[in-house]
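In what follows, a single structure is set out as structure tokens and then discussed.
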Amino acid sequence: MSVRTAPALQLEISYKQILKIALPISFALLVPQINFITNNIFLGGLGERELGTAGLTGVYYLIFAAIGFGLNNGLQALISRRAGENRVAEIGKLFSQGVRMAMVIAVIGILLTWFVAPFVLRMSLSDETVVEQSVSFLRIRIWGLPFLYVYQMRNALLVGTNQSKYLVIGTLAETLANVFFDYTLIYGKLGFPQIGFNGAAIASVIAEAMGMFVVFLVIHIKGISKRFSLYKHFGYNKEVSKLIFVQSSPLIFQHAISIMAWVFFYILVERHGFHSGYANRDLAISNTMRNLFGLFGVFTWAFAATSNTMVSNIIGQGKKERVIEVIHKIVRVSSSFAVCIAILLNIFPGVFLLIYGQDPGFVESAIPVVRVVSIAMVLMSFSTIWLNAVTGTGNTTVNLGIEAITIVIYCIYCFIMMEWLKLPLAVGWMSEWIYWISMFTMSFLYIRSGRWKKKVI
């Protein structure tokens with residue numbers, strides 16, 4: 001009888017180890033992006049207005065998803081550090097308290113969406129129809145937040161303990177559910193009611209619940225919950241909760257203000273298009289660009305998560321002198337993926353756009369923006385690796401400072417180019433170049449300075 005051994009918690013410094021962590025994460029991240037794109041393909045069949053509104057609602061929901069992602073990143077760094085130190089007993093405590101904190105944030109997000117967001121949207125947008133569609137959609141969509149947050153905490157656990165291969169199972173279940181319910185609820189197929197635009201919101205909530213359920217089933221079957229005693233520490237633990245809060249709160253604010261800046265950008269796009277007579281088209285194009293970032297950026301985000309967990313794990317092993325070596329290895333792989341994707345997008349810029357079923361004028365208007373975004377993706381491929389290396393060191397307040405400075409520069413650029421000078425949409429999207437260059441410069445200088453070596457978490 002063969003004996004199944006648990007995966008090693010201490011990581012090696014090699015390209016094989018990088019790919020072993022990153023590729024399953026890439027697939028796990030790819031599936032939710034396919035969900036976003038599936039929603040938009042189905043909604044694009046309803047019209048250009050619906051495709052544009054889906055961009056606004058999607059970015060709004062991303063604010064709360066990003067808050068969860070910030071908590072996930074902080075928790076992942078802590079779990080990775082304990083794994084590197086081989087302190088197995090602490091991992092279950094961290095996970096349980098992370099879930100408790102996530103549920104509190106989810107309740108706050110639901111309340112804000114129901115009672116504050118409608119007022120903000122009415123004050124910000126020009127088209128009343130877009131406002132009504134957005135409010136109605138979001139009041140349904142936000143109920144997926146508790147499922148999403150628990151799902152993200154699972155990511156922190158599996159990546160932080162070198163078991164990222166199990167990420168794919170829950171995401172597959174989520175995707176299948178999302179595609180099925182999108183098709184049946186938006187268009188009223190297979191005996192389901194035809195709900196239209198809001199059908200996508202219901203489909204997404206069901207899909208997130210399905211993904212959460214399946215992944216916890218996998219964790220139970222594989223013995224992960226037993227190994228780390230995941231369900232024995234749900235009582236409030238002040239010390240552990242404080243540690244997670246101290247590490248994660250700067251990242252939560254960092255990711256939240258990052259996506260809020262994107263909401264600001266989308267509001268400027270809507271105003272820019274409204275005054276030029278192309279409000280729906282500019283919003284729809286920008287929505288497809290968000291999908292483009294999401295679909296092809298999964299590799300970069302996977303390597304960014306790998307940077308976070310490997311840097312923290314290596315420091316936990318007492319190998320601080322090898323941190324920059326690890327970062328360089330991850331950057332080489334990440335940038336290679338991004339350059340290949342950028343070349344393909346510039347050779348065949350219209351192929352991706354055709355899946356949304358819009359007219360030739362839409363495709364022609366969007367191609368210059370695709371070219372701008374492809375360059376931004378290359379810049380992102382190394383910038384976010386360095387930023388997540390900062391996260392891995394445990395200096396999360398530095399992350400927040402870098403993000404805050406970058407966001408100010410980004411928003412000033414967007415306002416001047418789109419609201420003041422009213423330049424073309426492609427010029428507005430060049431703000432992504434400014435964003436990633438600024439982020440890289442500050443992250444690189446901080447890591448190179450060595451000031452992080454004294455940090456203990």
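Residue numbering restarts at 1 for every chain of the structure tokens, chains are lettered A, B, ... in their displayed order, and ligands are numbered from 1 as they appear.
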Excluding Ile343 (chain A) and its own-chain neighbours fewer than 3 positions away, which residues fall within 12 Å of it when counting only C-alpha atoms? Please give them as a VMD selection string.
chain A and resid 336 to 340 346 to 349 370 to 371 373 to 375 377 to 378
Deliver the residues from the most recent selection as a file, using C-alpha atoms, as a PDB file, in the first residue's frame.
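Saved as again-v9.pdb:
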ATOM      1  CA  SER A 336       8.174  36.402 -21.811  1.00  0.00           C
ATOM      2  CA  PHE A 337       4.496  35.459 -21.627  1.00  0.00           C
ATOM      3  CA  ALA A 338       3.409  39.108 -21.869  1.00  0.00           C
ATOM      4  CA  VAL A 339       5.605  39.948 -24.867  1.00  0.00           C
ATOM      5  CA  CYS A 340       4.265  36.950 -26.809  1.00  0.00           C
ATOM      6  CA  ASN A 346      -0.836  43.689 -32.480  1.00  0.00           C
ATOM      7  CA  ILE A 347      -0.770  41.260 -35.408  1.00  0.00           C
ATOM      8  CA  PHE A 348      -4.431  40.239 -34.989  1.00  0.00           C
ATOM      9  CA  PRO A 349      -6.071  43.134 -33.094  1.00  0.00           C
ATOM     10  CA  VAL A 370      -6.041  47.439 -28.156  1.00  0.00           C
ATOM     11  CA  ARG A 371      -2.553  48.489 -29.266  1.00  0.00           C
ATOM     12  CA  VAL A 373      -3.391  48.144 -23.868  1.00  0.00           C
ATOM     13  CA  SER A 374      -1.014  45.511 -25.305  1.00  0.00           C
ATOM     14  CA  ILE A 375       1.964  47.702 -24.390  1.00  0.00           C
ATOM     15  CA  MET A 377       0.295  44.560 -20.396  1.00  0.00           C
ATOM     16  CA  VAL A 378       4.044  44.237 -21.020  1.00  0.00           C
TER      17      VAL A 378
END
Can you check which residues of region 34-225 of chain A DSSP gives as alpha helix (DSSP H) on the backbone and send them as a PyMOL selection string?
chain A and resi 34-44+48-84+88-115+117-124+128-141+145-160+167-187+197-221+224-225
Put those residues in a file: C-alpha atoms, as a compact mmCIF listing (two decimals), in the first residue's frame.
# COMPACT_ATOMS: atom_id res chain seq x y z
CA ILE A 34 -13.80 33.69 -18.89
CA ASN A 35 -16.88 34.17 -16.70
CA PHE A 36 -16.62 37.96 -17.12
CA ILE A 37 -16.19 37.61 -20.87
CA THR A 38 -19.05 35.11 -21.11
CA ASN A 39 -21.32 37.58 -19.31
CA ASN A 40 -20.29 40.31 -21.71
CA ILE A 41 -20.70 38.18 -24.83
CA PHE A 42 -24.25 37.28 -23.79
CA LEU A 43 -25.02 40.86 -22.74
CA GLY A 44 -23.50 42.17 -25.97
CA GLU A 48 -24.23 48.19 -27.13
CA ARG A 49 -25.81 49.99 -24.16
CA GLU A 50 -25.97 46.77 -22.13
CA LEU A 51 -22.36 45.96 -23.00
CA GLY A 52 -21.31 49.42 -21.82
CA THR A 53 -23.34 49.23 -18.60
CA ALA A 54 -21.80 45.83 -17.88
CA GLY A 55 -18.43 47.58 -17.86
CA LEU A 56 -19.54 50.02 -15.15
CA THR A 57 -21.16 47.37 -12.96
CA GLY A 58 -18.23 45.03 -13.45
CA VAL A 59 -15.70 47.62 -12.32
CA TYR A 60 -17.88 48.55 -9.33
CA TYR A 61 -18.00 44.92 -8.20
CA LEU A 62 -14.26 44.73 -8.74
CA ILE A 63 -13.80 47.32 -5.97
CA PHE A 64 -15.12 44.82 -3.44
CA ALA A 65 -13.40 41.90 -5.15
CA ALA A 66 -10.15 43.89 -4.86
CA ILE A 67 -10.75 44.44 -1.14
CA GLY A 68 -11.03 40.68 -0.74
CA PHE A 69 -7.93 40.29 -2.90
CA GLY A 70 -6.05 42.61 -0.56
CA LEU A 71 -7.08 40.52 2.44
CA ASN A 72 -6.14 37.41 0.45
CA ASN A 73 -2.67 38.78 -0.33
CA GLY A 74 -1.96 39.71 3.27
CA LEU A 75 -3.18 36.33 4.49
CA GLN A 76 -1.19 34.53 1.78
CA ALA A 77 2.03 36.29 2.82
CA LEU A 78 1.46 35.28 6.46
CA ILE A 79 0.61 31.66 5.58
CA SER A 80 3.65 31.47 3.27
CA ARG A 81 5.88 32.84 6.02
CA ARG A 82 4.60 30.24 8.51
CA ALA A 83 5.04 27.53 5.86
CA GLY A 84 8.64 28.65 5.29
CA VAL A 88 2.05 24.19 10.59
CA ALA A 89 -0.14 24.74 13.66
CA GLU A 90 -0.41 28.48 12.96
CA ILE A 91 -1.79 28.10 9.42
CA GLY A 92 -5.30 26.96 10.43
CA LYS A 93 -5.60 29.85 12.88
CA LEU A 94 -4.68 32.36 10.21
CA PHE A 95 -7.20 30.90 7.73
CA SER A 96 -10.11 30.83 10.20
CA GLN A 97 -9.60 34.40 11.38
CA GLY A 98 -9.21 35.54 7.75
CA VAL A 99 -12.63 34.07 6.91
CA ARG A 100 -14.20 35.85 9.91
CA MET A 101 -12.79 39.19 8.78
CA ALA A 102 -13.93 38.58 5.18
CA MET A 103 -17.55 38.05 6.28
CA VAL A 104 -17.59 41.36 8.16
CA ILE A 105 -16.32 43.17 5.05
CA ALA A 106 -18.93 41.39 2.90
CA VAL A 107 -21.80 42.66 5.09
CA ILE A 108 -20.45 46.22 4.83
CA GLY A 109 -20.18 45.87 1.03
CA ILE A 110 -23.79 44.71 0.71
CA LEU A 111 -25.09 47.60 2.83
CA LEU A 112 -23.08 50.20 0.87
CA THR A 113 -24.30 48.83 -2.45
CA TRP A 114 -27.96 48.93 -1.45
CA PHE A 115 -28.04 52.30 0.28
CA ALA A 117 -24.09 53.35 -4.38
CA PRO A 118 -27.37 54.44 -6.06
CA PHE A 119 -26.86 58.01 -4.83
CA VAL A 120 -23.22 58.08 -5.98
CA LEU A 121 -24.06 56.72 -9.44
CA ARG A 122 -26.86 59.26 -9.94
CA MET A 123 -24.49 62.07 -9.01
CA SER A 124 -21.72 60.84 -11.31
CA GLU A 128 -30.36 58.00 -16.39
CA THR A 129 -31.06 54.70 -18.18
CA VAL A 130 -27.51 53.52 -17.49
CA VAL A 131 -27.93 54.53 -13.83
CA GLU A 132 -31.16 52.54 -13.41
CA GLN A 133 -29.72 49.48 -15.14
CA SER A 134 -26.59 49.64 -13.00
CA VAL A 135 -28.41 50.00 -9.67
CA SER A 136 -30.83 47.16 -10.40
CA PHE A 137 -27.98 44.86 -11.48
CA LEU A 138 -25.67 45.64 -8.56
CA ARG A 139 -28.35 45.09 -5.90
CA ILE A 140 -28.47 41.49 -7.11
CA ARG A 141 -24.81 40.98 -7.97
CA LEU A 145 -19.66 38.80 -2.22
CA PRO A 146 -19.66 36.41 0.81
CA PHE A 147 -19.09 33.43 -1.52
CA LEU A 148 -16.34 35.27 -3.39
CA TYR A 149 -14.51 36.23 -0.19
CA VAL A 150 -14.47 32.72 1.26
CA TYR A 151 -13.30 31.54 -2.16
CA GLN A 152 -10.42 34.05 -2.05
CA MET A 153 -9.38 32.92 1.44
CA ARG A 154 -9.15 29.42 0.04
CA ASN A 155 -6.73 30.79 -2.58
CA ALA A 156 -4.49 32.18 0.15
CA LEU A 157 -4.46 28.82 1.92
CA LEU A 158 -3.69 26.68 -1.13
CA VAL A 159 -1.09 29.00 -2.67
CA GLY A 160 0.54 29.73 0.67
CA LEU A 167 -7.31 25.80 -7.39
CA VAL A 168 -8.54 24.62 -10.77
CA ILE A 169 -11.31 22.32 -9.53
CA GLY A 170 -13.47 24.99 -7.90
CA THR A 171 -12.94 27.40 -10.76
CA LEU A 172 -14.07 24.81 -13.31
CA ALA A 173 -17.29 24.27 -11.36
CA GLU A 174 -17.83 28.02 -11.20
CA THR A 175 -17.34 28.46 -14.93
CA LEU A 176 -19.71 25.70 -15.95
CA ALA A 177 -22.39 27.10 -13.64
CA ASN A 178 -21.86 30.65 -14.93
CA VAL A 179 -22.09 29.73 -18.62
CA PHE A 180 -25.19 27.58 -18.06
CA PHE A 181 -27.11 30.15 -16.02
CA ASP A 182 -26.01 33.07 -18.24
CA TYR A 183 -27.47 31.33 -21.25
CA THR A 184 -30.66 30.19 -19.57
CA LEU A 185 -31.47 33.29 -17.47
CA ILE A 186 -30.50 36.10 -19.86
CA TYR A 187 -32.36 34.62 -22.84
CA PHE A 197 -29.62 42.07 -18.17
CA ASN A 198 -30.15 41.10 -14.52
CA GLY A 199 -29.96 37.43 -15.46
CA ALA A 200 -26.18 37.81 -15.66
CA ALA A 201 -26.11 39.04 -12.04
CA ILE A 202 -28.10 36.04 -10.80
CA ALA A 203 -25.92 33.66 -12.84
CA SER A 204 -22.74 35.10 -11.31
CA VAL A 205 -24.02 34.77 -7.74
CA ILE A 206 -25.02 31.13 -8.30
CA ALA A 207 -21.64 30.42 -9.94
CA GLU A 208 -19.67 31.91 -7.03
CA ALA A 209 -21.65 29.86 -4.52
CA MET A 210 -21.02 26.72 -6.58
CA GLY A 211 -17.27 27.42 -6.78
CA MET A 212 -17.03 27.93 -3.02
CA PHE A 213 -18.93 24.73 -2.26
CA VAL A 214 -16.84 22.57 -4.59
CA VAL A 215 -13.49 23.85 -3.36
CA PHE A 216 -14.35 23.20 0.27
CA LEU A 217 -15.43 19.72 -0.72
CA VAL A 218 -12.00 19.21 -2.34
CA ILE A 219 -10.19 20.58 0.73
CA HIS A 220 -12.11 18.10 2.90
CA ILE A 221 -11.57 15.08 0.60
CA ILE A 224 -6.15 19.60 3.85
CA SER A 225 -8.69 20.76 6.42
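From CA of Phe253 (chain A) back to CA of Ser449 (chain A), the distance works out to 24.3 Å.
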Selected residue of minimal separation from Thr161 (chain A) among A:Phe303, A:Ser312, A:His255, A:Phe382, counting only C-alpha atoms:
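The shortest atom-to-atom distance to Thr161 (chain A) comes from A:Ser312.
The smallest atom-to-atom distance between Ile385 (chain A) and any of A:Val331, A:Leu46, A:Met289, A:Leu423, using only C-alpha atoms, is found for A:Val331.
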Determine, for each residue of region 214-282 of chain A having at least one atom at most 10 Å from an atom of region 395-413 of chain A, the closest pair of atoms and their separation in Å to one decimal, counting only C-alpha atoms; order by chain and ascending number, as a tab-separated table.
residue	atom	partner	partner_atom	distance
A:Val246	CA	A:Thr396	CA	8.5
A:Gln247	CA	A:Thr396	CA	6.1
A:Ser248	CA	A:Thr396	CA	7.2
A:Ser249	CA	A:Thr396	CA	8.2
A:Pro250	CA	A:Leu400	CA	5.3
A:Leu251	CA	A:Thr396	CA	6.2
A:Ile252	CA	A:Leu400	CA	8.7
A:Phe253	CA	A:Leu400	CA	6.9
A:Gln254	CA	A:Leu400	CA	4.9
A:His255	CA	A:Glu403	CA	8.2
A:Ile257	CA	A:Ala404	CA	7.5
A:Ser258	CA	A:Ile407	CA	6.7
A:Ile259	CA	A:Ile407	CA	9.7
A:Met260	CA	A:Ile407	CA	9.5
A:Ala261	CA	A:Cys411	CA	6.7
A:Trp262	CA	A:Cys411	CA	8.9
A:Phe264	CA	A:Cys411	CA	7.8
A:Phe265	CA	A:Cys411	CA	7.6
Would you output that residue set with N, CA and C atoms, as an mmCIF file, in the first residue's frame?
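Printed below is again.cif as written:
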data_model
loop_
_atom_site.group_PDB
_atom_site.id
_atom_site.type_symbol
_atom_site.label_atom_id
_atom_site.label_comp_id
_atom_site.auth_asym_id
_atom_site.auth_seq_id
_atom_site.Cartn_x
_atom_site.Cartn_y
_atom_site.Cartn_z
ATOM 1 N N VAL A 246 -3.266 44.049 10.598
ATOM 2 C CA VAL A 246 -2.096 44.914 10.406
ATOM 3 C C VAL A 246 -1.438 44.650 9.055
ATOM 4 N N GLN A 247 -1.356 43.369 8.676
ATOM 5 C CA GLN A 247 -0.717 43.023 7.408
ATOM 6 C C GLN A 247 -1.611 43.296 6.204
ATOM 7 N N SER A 248 -2.912 43.066 6.359
ATOM 8 C CA SER A 248 -3.812 43.119 5.209
ATOM 9 C C SER A 248 -4.456 44.484 4.974
ATOM 10 N N SER A 249 -4.679 45.265 6.025
ATOM 11 C CA SER A 249 -5.416 46.519 5.842
ATOM 12 C C SER A 249 -4.745 47.468 4.845
ATOM 13 N N PRO A 250 -3.411 47.620 4.851
ATOM 14 C CA PRO A 250 -2.815 48.468 3.804
ATOM 15 C C PRO A 250 -3.062 47.917 2.399
ATOM 16 N N LEU A 251 -3.057 46.564 2.271
ATOM 17 C CA LEU A 251 -3.309 45.952 0.962
ATOM 18 C C LEU A 251 -4.765 46.106 0.555
ATOM 19 N N ILE A 252 -5.673 46.026 1.526
ATOM 20 C CA ILE A 252 -7.095 46.233 1.233
ATOM 21 C C ILE A 252 -7.304 47.647 0.699
ATOM 22 N N PHE A 253 -6.736 48.637 1.387
ATOM 23 C CA PHE A 253 -6.853 50.015 0.908
ATOM 24 C C PHE A 253 -6.146 50.194 -0.431
ATOM 25 N N GLN A 254 -5.002 49.532 -0.573
ATOM 26 C CA GLN A 254 -4.252 49.632 -1.829
ATOM 27 C C GLN A 254 -5.082 49.159 -3.009
ATOM 28 N N HIS A 255 -5.663 47.959 -2.902
ATOM 29 C CA HIS A 255 -6.436 47.405 -4.013
ATOM 30 C C HIS A 255 -7.754 48.159 -4.205
ATOM 31 N N ILE A 257 -8.374 51.434 -3.577
ATOM 32 C CA ILE A 257 -8.182 52.721 -4.258
ATOM 33 C C ILE A 257 -7.746 52.519 -5.696
ATOM 34 N N SER A 258 -7.087 51.394 -5.964
ATOM 35 C CA SER A 258 -6.698 51.089 -7.340
ATOM 36 C C SER A 258 -7.928 50.915 -8.230
ATOM 37 N N ILE A 259 -8.891 50.119 -7.764
ATOM 38 C CA ILE A 259 -10.097 49.897 -8.562
ATOM 39 C C ILE A 259 -11.004 51.119 -8.533
ATOM 40 N N MET A 260 -11.024 51.860 -7.425
ATOM 41 C CA MET A 260 -11.808 53.099 -7.389
ATOM 42 C C MET A 260 -11.288 54.091 -8.429
ATOM 43 N N ALA A 261 -9.982 54.091 -8.633
ATOM 44 C CA ALA A 261 -9.417 54.944 -9.689
ATOM 45 C C ALA A 261 -9.904 54.491 -11.053
ATOM 46 N N TRP A 262 -10.087 53.180 -11.206
ATOM 47 C CA TRP A 262 -10.620 52.656 -12.460
ATOM 48 C C TRP A 262 -12.084 53.057 -12.635
ATOM 49 N N PHE A 264 -13.319 55.818 -11.452
ATOM 50 C CA PHE A 264 -13.172 57.223 -11.837
ATOM 51 C C PHE A 264 -12.888 57.338 -13.333
ATOM 52 N N PHE A 265 -12.021 56.469 -13.820
ATOM 53 C CA PHE A 265 -11.702 56.458 -15.252
ATOM 54 C C PHE A 265 -12.953 56.147 -16.083
#
Counting only C-alpha atoms, closest pick from A:Met417, A:Ile330, A:Val369, A:Leu190 relative to Ala305 (chain A) is A:Ile330
Here is a test: counting only C-alpha atoms, which residue of A:Val351, A:Ser334, A:Ser383, A:Leu23 is nearest to Ile434 (chain A)?
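Looking only at the distances to Ile434 (chain A), the closest residue turns out to be A:Ser383.
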Pick out the residues sitting within 10 Å of Ser14 (chain A), and hand them over as a list in words; count only C-alpha atoms, and ignore anything fewer than 6 positions along from it in its own chain.
Lys20, Glu325, Val326, Lys329 and Ile330 of chain A
Would you compute the distance between CA of Phe192 (chain A) and CA of Ile355 (chain A)? Give it in Å to one decimal.
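Between CA of Phe192 (chain A) and CA of Ile355 (chain A) the gap is 25.0 Å.
Of the listed residues (A:Leu425, A:Ile447, A:Asp359, A:Ser365), A:Ile447 comes nearest to Ala389 (chain A); the distances count only C-alpha atoms.
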Just the residues within 10 Å of Glu321 (chain A), please, counting only C-alpha atoms, with nothing from its chain fewer than 6 positions along; format it as a ChimeraX atom specification.
/A:314-315,450,453
Write the selection just made, keeping C-alpha atoms, as a compact mmCIF listing (two decimals), in the first residue's frame?
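Below is the file out_22.txt, written as the result:
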# COMPACT_ATOMS: atom_id res chain seq x y z
CA ILE A 314 12.26 32.28 1.22
CA ILE A 315 12.51 34.95 3.94
CA GLY A 450 17.24 46.54 1.43
CA LYS A 453 15.28 43.06 5.68
